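Everything below concerns the one structure shown next.
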Amino acid sequence: MRTPRLALLLATLAAGPLVAQTPTPPPAAPAGAAGAPRSAAESAFNALGTANLESNTLLQIINKAFNTDSDAFNPEDGTLHYKGHTYNLGQMRVFRARFERYLAQPESIDNDVYRAILNEIFSLLSTRSGEASAETTRRAWQLLYRAAEYEADGGASLAVANQVFNAWRIRDERDAFAVTSAELERIRRQQQLAVSFAGDTMAREGVTNASSMVTAAGNSVTDAASAAAPAIPGTNQGGTGGQNAPAPRNNNNTGTNPRGATGGTGEGGRNTGQIGVTSTQGPVSQMFRARELAETEAKIKAAESSAMLTGVQAKLQFQTALVNLFLQRRFQHTLIAASFYRFIFRGTAQNLEVGKREIQSFLPSSDLALTVETLEFLSREAINDTEASMQAVRASFADGQLVTALERLQETFFLGEFTPAVAGFEREKKQVLLNLYRQMDQARRLADLKDYDAVDKLVAEIGTTARDFRSAEVVSAIRAAQRMSTLALYAAQQAAASGDFIRAQEGVQRAASLWPLNPAIKTYTENMANQVDLGSQAAQLFDDALRRNDLRRLYDQRSELAIALLTDSVRGPRLKEIIEQLSRVEIFLAQAQELLAQNNAFAAWEALTNASAITPNDVQVNQRRAELAPRVATFVGRIDAARRHEEAGRHAAALTQWLAAQSIYPASSLARLGIERVSGQLLDSLAADAERVAAAN
Amino acid sequence: MQLPLSPPFRILDPDMRSLPPAVLRPALFLCAAALALLAPGCARQSNEPFPVSAYLESPDNLQGNRYTLDAEIDAQLQWREGTGRLLAVRPLSGEPGSRLPVFIADSLNANLMVAQRYRFEITVRRGGLLYVNSLRKL
């Protein structure tokens, strides 16, 4: 349970001193917020049936260094979630900068001296020996000023020292108030005696209305005391007011203490110049004496209330300083200040009056009394946590598990930034972790930019440094993203080839969103640009050749034209037909050449004739036929005659010629087909004639 | 191969006058005439021989003419029931190796086989069709 509690402590501490923590509503989807730019890529992956191929794994792994508890700590938006509450940790960028500065900061040579001073202060303030005195406290207080001179202290010791000094000053003021109050109390007692004596004397002498005068004088005293009482906020009127009931006391003393009257007169005579007590025994004098008594009592009340107010103020100020130190994670100074507090204020003033809500959140139960000892307990626990965590950091570092060490160090730094255990971490180890920290941060940034090649190299470099870095998962995620980008680009190319440019554009956009720096995208765009130029040139060439019926030229340049006219919905298919035609012609030409090599001129001629039927104007075919013609002249003559007769509808004559041609070259397929064809036509004609004759008869 | 169907007067060649005696001449003549009449396979050529070369050069020029064609059946090109059959025949005379198409109507009820030799009485019809009017096996 240490980690969540520690995390909560971190959260509260980061909220700032004595600033009310205002839980912000948890973000709807922290991962979703980080993955918003990836939504297009994810949808593309979903469309391709391979969801979640974005580099989430990479980001998670990289963020692991900043994420000690993925369920509670979100470094992206700087929030911490704990038991349904979200705590804002402030600017994570600032915190990261501080952490990086800590890693880069060389260890100060004064740290040992500083730590020794603090340890001496602790020793002087320790209650273990039971010898703590004003002198040891004063010595500890003086050492605070020495500790404040060191950079690692950050002025915290000076703040504690000033607070102690302030408390002492207030205590001195209270002592002065006590002296004043004692003197005033003495004067008040004299005045009371004087008033009582005068009143008793006048009563005996039968002064008319003496009783009413004394009553009037008593009332004036009471009024004066009442007028002074409201100046004491929170003063207990029960105790003080009970002492301020002069009338009954005066009544009790009436006529019972004549000796006191004499004494009172004498004393009153001595103090006449000071308090204005007269020796006049008349009613008027009595009235003035009563009035002076009232004034004295008012002064006493004012002094008492001022002293009390000063004491409360001192306690509140000291407690505020204590809570501030705790919330600033100055746990050592919290302990020092608490020790001073214990010596300065009495035991009944140990309850905390300020920062209750902040401190309460660290405790499992809400009905515990919050005292200065509570702050000490929490501070000691934080220091212990820090020391234990730093041991874990060193152990992980020694095992070569640098990522884990970095995680623990960051977590520990966040809590115990000002503790000796964190400050005393070895410089060379910090340097190694700093390099790892920067590499991982750079990898994370590159992953955000989807520069997978750079991430790949960086991850390999990190993998050689940190054994526990899961580089295989990162590389796998990178490869998956790269493959999906390439597949999307292939789809775009196919769409472009089929003339669907909208889908092609979508494919390219998808590929770019998955891997913007995909080199194939650049090649694709360059090819597309070249294809536009080639397309216009190829279209001109195609049209010219087709106009001249020069299919051979189109066939010879078929490779270039096929690419250039890939997107031409009219010329592309026509070019495909031409290429297929000429391919068959090429087969016949090769066949004729082979047959000539076998000295089978008639078969070669027939092959050339088949080729010529496909492309009558092909120069190459006609040239070969012209070369071969003398060798097969008779055969060719028969075939030519057969065709002429056939075209003229003279089927019998055509059949005769086909037979003659077949007689010359019995294996002739031309003649065989011609015979079959013309025979059928001839019989059709004869059958028709027979039917006509039959019909005529 | 042409059969030795020379007319009887060829026997009366002047070179042969001294062979039979004069008394036997009428008897020999009668015997020869009888043999000639009774000899199996003998045929008579009623029309002119078919001019194969002329036909091959220009069949249209022979349209309407009647000829006698002695030929060997080379192949049956096609047959249509009720109409007739087209045959390729090799003339026994004329251009060697040439083949000619002839049409034999079903009405002739001929039983024909390849390599059989026939004397065809033909008419050159429209388009140069060699229409067989009658045929006789040689």
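Ordering of the structure tokens sets the chain letters (A, B, ...); residue numbers start at 1 within each chain; ligands are numbered from 1 in the order shown.
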If we count only C-alpha atoms and set the cut-off at 7 Å, which residues sit around Ile104 of chain B, ignoring sequence neighbours fewer than 4 positions away in its own chain? Please answer as a PyMOL selection string.
chain B and resi 84-86+131-132
Contact table chain A vs chain B, cut-off 12 Å, shortest pair per residue, only C-alpha atoms, as a Markdown table:
```
| residue | atom | partner | partner_atom | distance |
| --- | --- | --- | --- | --- |
| A:Gly637 | CA | B:Glu57 | CA | 11.2 |
| A:Arg638 | CA | B:Leu56 | CA | 9.7 |
| A:Ala641 | CA | B:Glu57 | CA | 9.8 |
| A:Ala642 | CA | B:Leu56 | CA | 10.9 |
| A:His645 | CA | B:Gly127 | CA | 8.8 |
| A:Glu646 | CA | B:Gly127 | CA | 10.2 |
| A:Ala648 | CA | B:Gly127 | CA | 9.4 |
| A:Gly649 | CA | B:Gly127 | CA | 7.7 |
| A:Arg650 | CA | B:Gly127 | CA | 4.6 |
| A:His651 | CA | B:Gly127 | CA | 6.6 |
| A:Ala652 | CA | B:Leu129 | CA | 4.9 |
| A:Ala653 | CA | B:Gly128 | CA | 5.5 |
| A:Ala654 | CA | B:Gly127 | CA | 9.0 |
| A:Leu655 | CA | B:Pro101 | CA | 6.9 |
| A:Thr656 | CA | B:Leu100 | CA | 5.8 |
| A:Gln657 | CA | B:Leu56 | CA | 7.6 |
| A:Trp658 | CA | B:Arg99 | CA | 9.6 |
| A:Leu659 | CA | B:Arg99 | CA | 6.2 |
| A:Ala660 | CA | B:Ser98 | CA | 6.2 |
| A:Ala661 | CA | B:Ser98 | CA | 9.5 |
| A:Gln662 | CA | B:Arg99 | CA | 9.1 |
| A:Ser663 | CA | B:Ser98 | CA | 6.7 |
| A:Ile664 | CA | B:Gly97 | CA | 8.6 |
| A:Tyr665 | CA | B:Gly97 | CA | 11.6 |
| A:Pro666 | CA | B:Gly97 | CA | 11.5 |
| A:Arg672 | CA | B:Leu77 | CA | 10.2 |
| A:Leu673 | CA | B:Leu77 | CA | 11.6 |
| A:Gly674 | CA | B:Leu77 | CA | 11.4 |
| A:Ile675 | CA | B:Leu77 | CA | 7.7 |
| A:Glu676 | CA | B:Leu77 | CA | 7.5 |
| A:Arg677 | CA | B:Gln78 | CA | 10.3 |
| A:Val678 | CA | B:Leu77 | CA | 10.1 |
| A:Ser679 | CA | B:Gln78 | CA | 6.5 |
| A:Gly680 | CA | B:Gln78 | CA | 7.3 |
| A:Gln681 | CA | B:Gln78 | CA | 10.6 |
| A:Leu682 | CA | B:Leu86 | CA | 8.8 |
| A:Leu683 | CA | B:Arg80 | CA | 7.1 |
| A:Asp684 | CA | B:Arg80 | CA | 8.8 |
| A:Ser685 | CA | B:Thr83 | CA | 10.1 |
| A:Leu686 | CA | B:Thr83 | CA | 7.1 |
| A:Ala687 | CA | B:Thr83 | CA | 5.7 |
| A:Ala688 | CA | B:Thr83 | CA | 9.3 |
| A:Asp689 | CA | B:Thr83 | CA | 9.7 |
| A:Ala690 | CA | B:Thr83 | CA | 7.4 |
| A:Glu691 | CA | B:Thr83 | CA | 9.4 |
| A:Ala694 | CA | B:Thr83 | CA | 11.8 |
```
| task | Quick one: everything within 8 Å of Val52 of chain B, counting only C-alpha atoms, minus sequence neighbours fewer than 5 positions away in the same chain. Send it as a PyMOL selection string. | result | chain B and resi 91+94-95
Take the residues from that selection and put them in a file with N, CA and C atoms, as a PDB file, in the first residue's frame.
```pdb
ATOM      1  N   PRO B  91      -8.512 -37.407-112.400  1.00  0.00           N
ATOM      2  CA  PRO B  91      -8.692 -37.794-113.807  1.00  0.00           C
ATOM      3  C   PRO B  91      -7.640 -38.830-114.224  1.00  0.00           C
ATOM      4  N   GLY B  94      -4.988 -36.329-118.660  1.00  0.00           N
ATOM      5  CA  GLY B  94      -4.839 -34.899-118.435  1.00  0.00           C
ATOM      6  C   GLY B  94      -3.696 -34.626-117.477  1.00  0.00           C
ATOM      7  N   GLU B  95      -3.818 -33.556-116.692  1.00  0.00           N
ATOM      8  CA  GLU B  95      -2.725 -33.170-115.786  1.00  0.00           C
ATOM      9  C   GLU B  95      -2.583 -34.189-114.672  1.00  0.00           C
TER      10      GLU B  95
END
```
Can you pull out every residue from segment 347-562 of chain A that DSSP, working from the backbone, puts in helix (DSSP H, G or I), and format the result as number ranges by chain? A: 347-349, 356-360, 372-398, 402-416, 420-423, 427-449, 452-465, 471-497, 501-514, 519-547, 551-556, 558-562
Write out as a ChimeraX atom specification each polymer residue whose atoms come within 10 Å of Tyr145 of chain A, counting only C-alpha atoms; drop sequence neighbours fewer than 6 positions from it.
/A:155-162
